[in-house]
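Have a look at the structure below, then the notes.
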Amino acid sequence: GALGGGVAVVGVGHAGHAHDAHDVENGFLGPEPHRRYSLEDQIEHKVRFLQSLPYQRIALVGHSIGAYVCVELLKRHDIAGRVEKVVHLMPTIQNLADGLAPGVSLLVQPFWTELAAWPLSLLPQRLVGAILGFHLNAKNSEIVARHVNYHVATNILHMAYTETLAVRELTDDTIATIGTHLPKMSFFYSPTDPYTPPSVFERAQAEWPEGDIHISDPRIPHAFVLCDDSTQDVAQFVIERVRPLLAAEEKEQE
């Protein structure tokens, strides 16, 4: 592949966000298949997962709230010492609630979460896919319909609710953590992303002028994974940032 052989690429999902209870099977958060996981729970899930890996040289890539999770992971010294590269894609690390559409802000409230997710316990998968087809292409609507049910939907909305409570102004601790690890960080912003508007990356450029802060083509949306063209552009950005780390390791092994 683009990164060469011998590289383990691991995608870590969120606990409770899929039919398969991978978090339960691996024992990262305990045997509670219908538990609702908060943002803090999800961070702990990633901590325990990384602690289970044998690799001593790690590159983290986080999209949206995943970037916030990456920063929180770097506050753990046992993990930070193994991380040699961090790529933040559309990093939602401050004032997340400001980017939510009014309807979404309402849906993530605990009372409305139940009402929004309840129909998924009744509707057949094919009908769910047809409804999603109004917003997603055929391939993506089929994939989402196959994985979303009542428990998954309530977990997604509950996590989003806890994100609005936790992701506010940058704390001194977060600013210090980013400053400490800035040489190993890269930031990728889109000027049309409602979660990271121009004021956000302008502040980042002012706060960390020596940082690798990239402003993308405005046609790349926050949910770039739903657009094939955008996915290629973002993937290329990640490859360019991670490849020097691999080259350095190969040189050490010579």
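Letters A, B, ... go to the chains of the structure tokens in the order shown; residues in each chain start at 1; ligands are counted from 1 in the same order.
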Report as a VMD selection string all protein, DNA and RNA residues lying within 6 Å of A:Val86, evaluated on only C-alpha atoms, omitting residues in the same chain fewer than 6 positions from it. chain A and resid 59 to 61 185
Give me the stretch 40-129 of chain A side of the contact with stretch 223-238 of chain A, cut-off 9 Å, one line per residue showing its nearest atom pair and distance in Å at one decimal, counting only C-alpha atoms, sorted by chain and residue number, as a Markdown table.
| residue | atom | partner | partner_atom | distance |
| --- | --- | --- | --- | --- |
| A:Val61 | CA | A:Val238 | CA | 7.9 |
| A:Ser64 | CA | A:Ala223 | CA | 9.0 |
| A:Val87 | CA | A:Val238 | CA | 6.8 |
| A:Leu89 | CA | A:Val234 | CA | 8.1 |
Please provide the set of residues having any atom within 7 Å of stretch 160-171 of chain A, restricted to only C-alpha atoms, with same-chain residues fewer than 4 positions apart removed, written as a VMD selection string. chain A and resid 38 to 39 93 to 97 108 to 109 156 175
For N, CA, C and O atoms, I'd like the residues from the last selection saved as a PDB file, in the first residue's frame.
ATOM      1  N   SER A  38     -20.221   7.473  27.549  1.00  0.00           N
ATOM      2  CA  SER A  38     -19.975   8.908  27.443  1.00  0.00           C
ATOM      3  C   SER A  38     -18.667   9.159  26.711  1.00  0.00           C
ATOM      4  O   SER A  38     -17.917   8.222  26.394  1.00  0.00           O
ATOM      5  N   LEU A  39     -18.359  10.417  26.462  1.00  0.00           N
ATOM      6  CA  LEU A  39     -17.084  10.753  25.846  1.00  0.00           C
ATOM      7  C   LEU A  39     -15.926  10.277  26.711  1.00  0.00           C
ATOM      8  O   LEU A  39     -14.938   9.726  26.205  1.00  0.00           O
ATOM      9  N   ILE A  93     -11.870  20.255  18.842  1.00  0.00           N
ATOM     10  CA  ILE A  93     -11.282  20.222  20.174  1.00  0.00           C
ATOM     11  C   ILE A  93     -11.752  21.391  21.039  1.00  0.00           C
ATOM     12  O   ILE A  93     -11.306  21.536  22.176  1.00  0.00           O
ATOM     13  N   GLN A  94     -12.662  22.224  20.509  1.00  0.00           N
ATOM     14  CA  GLN A  94     -13.194  23.316  21.311  1.00  0.00           C
ATOM     15  C   GLN A  94     -14.578  23.718  20.806  1.00  0.00           C
ATOM     16  O   GLN A  94     -14.898  23.619  19.628  1.00  0.00           O
ATOM     17  N   ASN A  95     -15.427  24.121  21.714  1.00  0.00           N
ATOM     18  CA  ASN A  95     -16.751  24.692  21.411  1.00  0.00           C
ATOM     19  C   ASN A  95     -17.533  23.876  20.386  1.00  0.00           C
ATOM     20  O   ASN A  95     -18.068  24.407  19.415  1.00  0.00           O
ATOM     21  N   LEU A  96     -17.620  22.586  20.619  1.00  0.00           N
ATOM     22  CA  LEU A  96     -18.298  21.697  19.667  1.00  0.00           C
ATOM     23  C   LEU A  96     -19.751  22.091  19.449  1.00  0.00           C
ATOM     24  O   LEU A  96     -20.249  22.048  18.324  1.00  0.00           O
ATOM     25  N   ALA A  97     -20.441  22.484  20.501  1.00  0.00           N
ATOM     26  CA  ALA A  97     -21.872  22.779  20.401  1.00  0.00           C
ATOM     27  C   ALA A  97     -22.163  23.917  19.422  1.00  0.00           C
ATOM     28  O   ALA A  97     -23.248  23.962  18.829  1.00  0.00           O
ATOM     29  N   VAL A 108     -29.800  15.507  20.525  1.00  0.00           N
ATOM     30  CA  VAL A 108     -28.830  14.917  21.454  1.00  0.00           C
ATOM     31  C   VAL A 108     -29.230  15.114  22.915  1.00  0.00           C
ATOM     32  O   VAL A 108     -28.611  14.522  23.808  1.00  0.00           O
ATOM     33  N   GLN A 109     -30.259  15.912  23.167  1.00  0.00           N
ATOM     34  CA  GLN A 109     -30.736  16.045  24.542  1.00  0.00           C
ATOM     35  C   GLN A 109     -31.348  14.719  24.995  1.00  0.00           C
ATOM     36  O   GLN A 109     -32.022  14.042  24.219  1.00  0.00           O
ATOM     37  N   ILE A 156     -24.796   6.742  20.039  1.00  0.00           N
ATOM     38  CA  ILE A 156     -24.259   7.834  19.219  1.00  0.00           C
ATOM     39  C   ILE A 156     -24.746   9.174  19.739  1.00  0.00           C
ATOM     40  O   ILE A 156     -23.969  10.126  19.920  1.00  0.00           O
ATOM     41  N   ILE A 175      -4.016  23.273  26.084  1.00  0.00           N
ATOM     42  CA  ILE A 175      -3.086  24.151  25.374  1.00  0.00           C
ATOM     43  C   ILE A 175      -1.646  23.736  25.649  1.00  0.00           C
ATOM     44  O   ILE A 175      -0.803  23.681  24.743  1.00  0.00           O
TER      45      ILE A 175
END
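With distances taken over only C-alpha atoms, A:Arg35 is the one residue among A:Gln56, A:Thr192, A:Pro91, A:Arg35 lying closest to A:His151.
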The distance between atom CA of A:Ala153 and atom CA of A:Leu120 is 8.1 Å
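If you count only C-alpha atoms and ignore residues fewer than 2 places along the chain from A:Thr113, what sits within 10 Å of it is Leu106, Leu107, Val108, Gln109, Pro110, Phe111, Leu115, Ala116, Ala117, Trp118, Ala153, Thr154, Asn155, Ile156, Leu157, His158 and Tyr161 of chain A.
Within stretch 30-245 of chain A, residues classed as strand (DSSP E or B) by DSSP on backbone coordinates are A:Ile58, A:Ala59, A:Leu60, A:Val61, A:Gly62, A:His63, A:Val83, A:Glu84, A:Lys85, A:Val86, A:Val87, A:His88, A:Leu89, A:Met185, A:Ser186, A:Phe187, A:Phe188, A:Tyr189, A:Asp212, A:Ile213, A:His214, A:Ile215.
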Can I get the selection written as a short mmCIF file (atom, residue, chain, number, x, y, z; two decimals), in the first residue's frame, with N, CA, C and O atoms?
data_model
loop_
_atom_site.label_atom_id
_atom_site.label_comp_id
_atom_site.auth_asym_id
_atom_site.auth_seq_id
_atom_site.Cartn_x
_atom_site.Cartn_y
_atom_site.Cartn_z
N ILE A 58 3.93 4.60 17.66
CA ILE A 58 2.54 4.72 17.23
C ILE A 58 2.30 6.08 16.58
O ILE A 58 2.80 7.11 17.05
N ALA A 59 1.51 6.09 15.51
CA ALA A 59 1.01 7.32 14.91
C ALA A 59 -0.50 7.33 15.11
O ALA A 59 -1.18 6.36 14.77
N LEU A 60 -1.02 8.39 15.68
CA LEU A 60 -2.45 8.53 15.91
C LEU A 60 -3.06 9.43 14.84
O LEU A 60 -2.50 10.49 14.52
N VAL A 61 -4.19 9.02 14.30
CA VAL A 61 -4.95 9.84 13.36
C VAL A 61 -6.37 9.96 13.90
O VAL A 61 -7.06 8.95 14.05
N GLY A 62 -6.79 11.17 14.19
CA GLY A 62 -8.12 11.38 14.76
C GLY A 62 -8.92 12.37 13.94
O GLY A 62 -8.41 13.45 13.59
N HIS A 63 -10.16 12.02 13.63
CA HIS A 63 -11.06 12.91 12.89
C HIS A 63 -12.12 13.47 13.81
O HIS A 63 -12.70 12.74 14.62
N VAL A 83 3.90 7.57 21.28
CA VAL A 83 3.31 8.25 20.12
C VAL A 83 4.35 9.15 19.46
O VAL A 83 4.91 10.04 20.09
N GLU A 84 4.58 8.91 18.17
CA GLU A 84 5.59 9.68 17.45
C GLU A 84 4.98 10.60 16.40
O GLU A 84 5.68 11.47 15.86
N LYS A 85 3.70 10.44 16.12
CA LYS A 85 3.02 11.32 15.16
C LYS A 85 1.54 11.37 15.48
O LYS A 85 0.94 10.36 15.85
N VAL A 86 0.97 12.57 15.37
CA VAL A 86 -0.48 12.75 15.57
C VAL A 86 -1.01 13.60 14.42
O VAL A 86 -0.49 14.70 14.18
N VAL A 87 -2.01 13.10 13.74
CA VAL A 87 -2.64 13.84 12.64
C VAL A 87 -4.08 14.14 13.05
O VAL A 87 -4.88 13.22 13.27
N HIS A 88 -4.41 15.42 13.14
CA HIS A 88 -5.75 15.86 13.52
C HIS A 88 -6.51 16.28 12.26
O HIS A 88 -6.11 17.23 11.58
N LEU A 89 -7.60 15.60 11.95
CA LEU A 89 -8.41 15.91 10.78
C LEU A 89 -9.71 16.60 11.21
O LEU A 89 -10.48 16.04 11.96
N MET A 185 2.76 17.00 15.68
CA MET A 185 1.36 17.15 15.30
C MET A 185 1.20 17.80 13.92
O MET A 185 2.00 18.63 13.51
N SER A 186 0.12 17.41 13.24
CA SER A 186 -0.32 18.06 12.00
C SER A 186 -1.82 18.28 12.10
O SER A 186 -2.54 17.41 12.60
N PHE A 187 -2.28 19.43 11.62
CA PHE A 187 -3.70 19.79 11.69
C PHE A 187 -4.24 19.99 10.27
O PHE A 187 -3.60 20.65 9.45
N PHE A 188 -5.42 19.46 10.02
CA PHE A 188 -6.07 19.58 8.71
C PHE A 188 -7.46 20.17 8.91
O PHE A 188 -8.32 19.56 9.54
N TYR A 189 -7.65 21.39 8.41
CA TYR A 189 -8.93 22.09 8.55
C TYR A 189 -9.58 22.30 7.18
O TYR A 189 -8.88 22.41 6.16
N ASP A 212 2.27 22.69 12.05
CA ASP A 212 1.90 22.22 10.71
C ASP A 212 0.38 22.27 10.61
O ASP A 212 -0.32 21.30 10.89
N ILE A 213 -0.13 23.43 10.23
CA ILE A 213 -1.58 23.67 10.18
C ILE A 213 -1.98 23.91 8.73
O ILE A 213 -1.58 24.90 8.11
N HIS A 214 -2.77 23.00 8.20
CA HIS A 214 -3.12 23.00 6.79
C HIS A 214 -4.60 23.36 6.60
O HIS A 214 -5.47 22.81 7.28
N ILE A 215 -4.87 24.27 5.66
CA ILE A 215 -6.24 24.64 5.31
C ILE A 215 -6.56 23.98 3.97
O ILE A 215 -5.89 24.25 2.97
#
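Rounded to one decimal, atom CA of A:Leu123 and atom CA of A:Pro102 lie 25.5 Å from each other.
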For the atom pair atom CA of A:Ile79 and atom CA of A:Val47, what is the interatomic distance in Å to one decimal place? 7.8 Å
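Every protein or nucleic acid residue with an atom no more than 12 Å from A:Pro197, counting only C-alpha atoms and leaving out same-chain residues fewer than 3 positions away, appears here: Met90, Pro91, Thr92, Gln94, Asn95, Leu96, Asp98, Gly99, Leu100, Tyr189, Ser190, Pro191, Thr192, Asp193, Pro194, Val200, Phe201, Glu202, Arg203, Ala204, Ile215, Pro218, Pro221 and His222 of chain A.
Near A:Gly16, within a cut-off of 7 Å and counting only C-alpha atoms, sit the residues A:His14, A:Ala18, A:Ala21, A:Tyr37, A:Val152, A:Asn155, with same-chain residues fewer than 2 positions away left out.
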Expected file contents, prior selection, C-alpha atoms, as an mmCIF file, in the first residue's frame:
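Produced file result.cif, reproduced below:
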data_model
loop_
_atom_site.group_PDB
_atom_site.id
_atom_site.type_symbol
_atom_site.label_atom_id
_atom_site.label_comp_id
_atom_site.auth_asym_id
_atom_site.auth_seq_id
_atom_site.Cartn_x
_atom_site.Cartn_y
_atom_site.Cartn_z
ATOM 1 C CA HIS A 14 -16.368 3.691 19.423
ATOM 2 C CA ALA A 18 -21.843 -1.150 16.231
ATOM 3 C CA ALA A 21 -19.823 -5.656 21.055
ATOM 4 C CA TYR A 37 -20.901 5.288 26.783
ATOM 5 C CA VAL A 152 -26.347 2.045 18.565
ATOM 6 C CA ASN A 155 -25.122 5.524 22.106
#
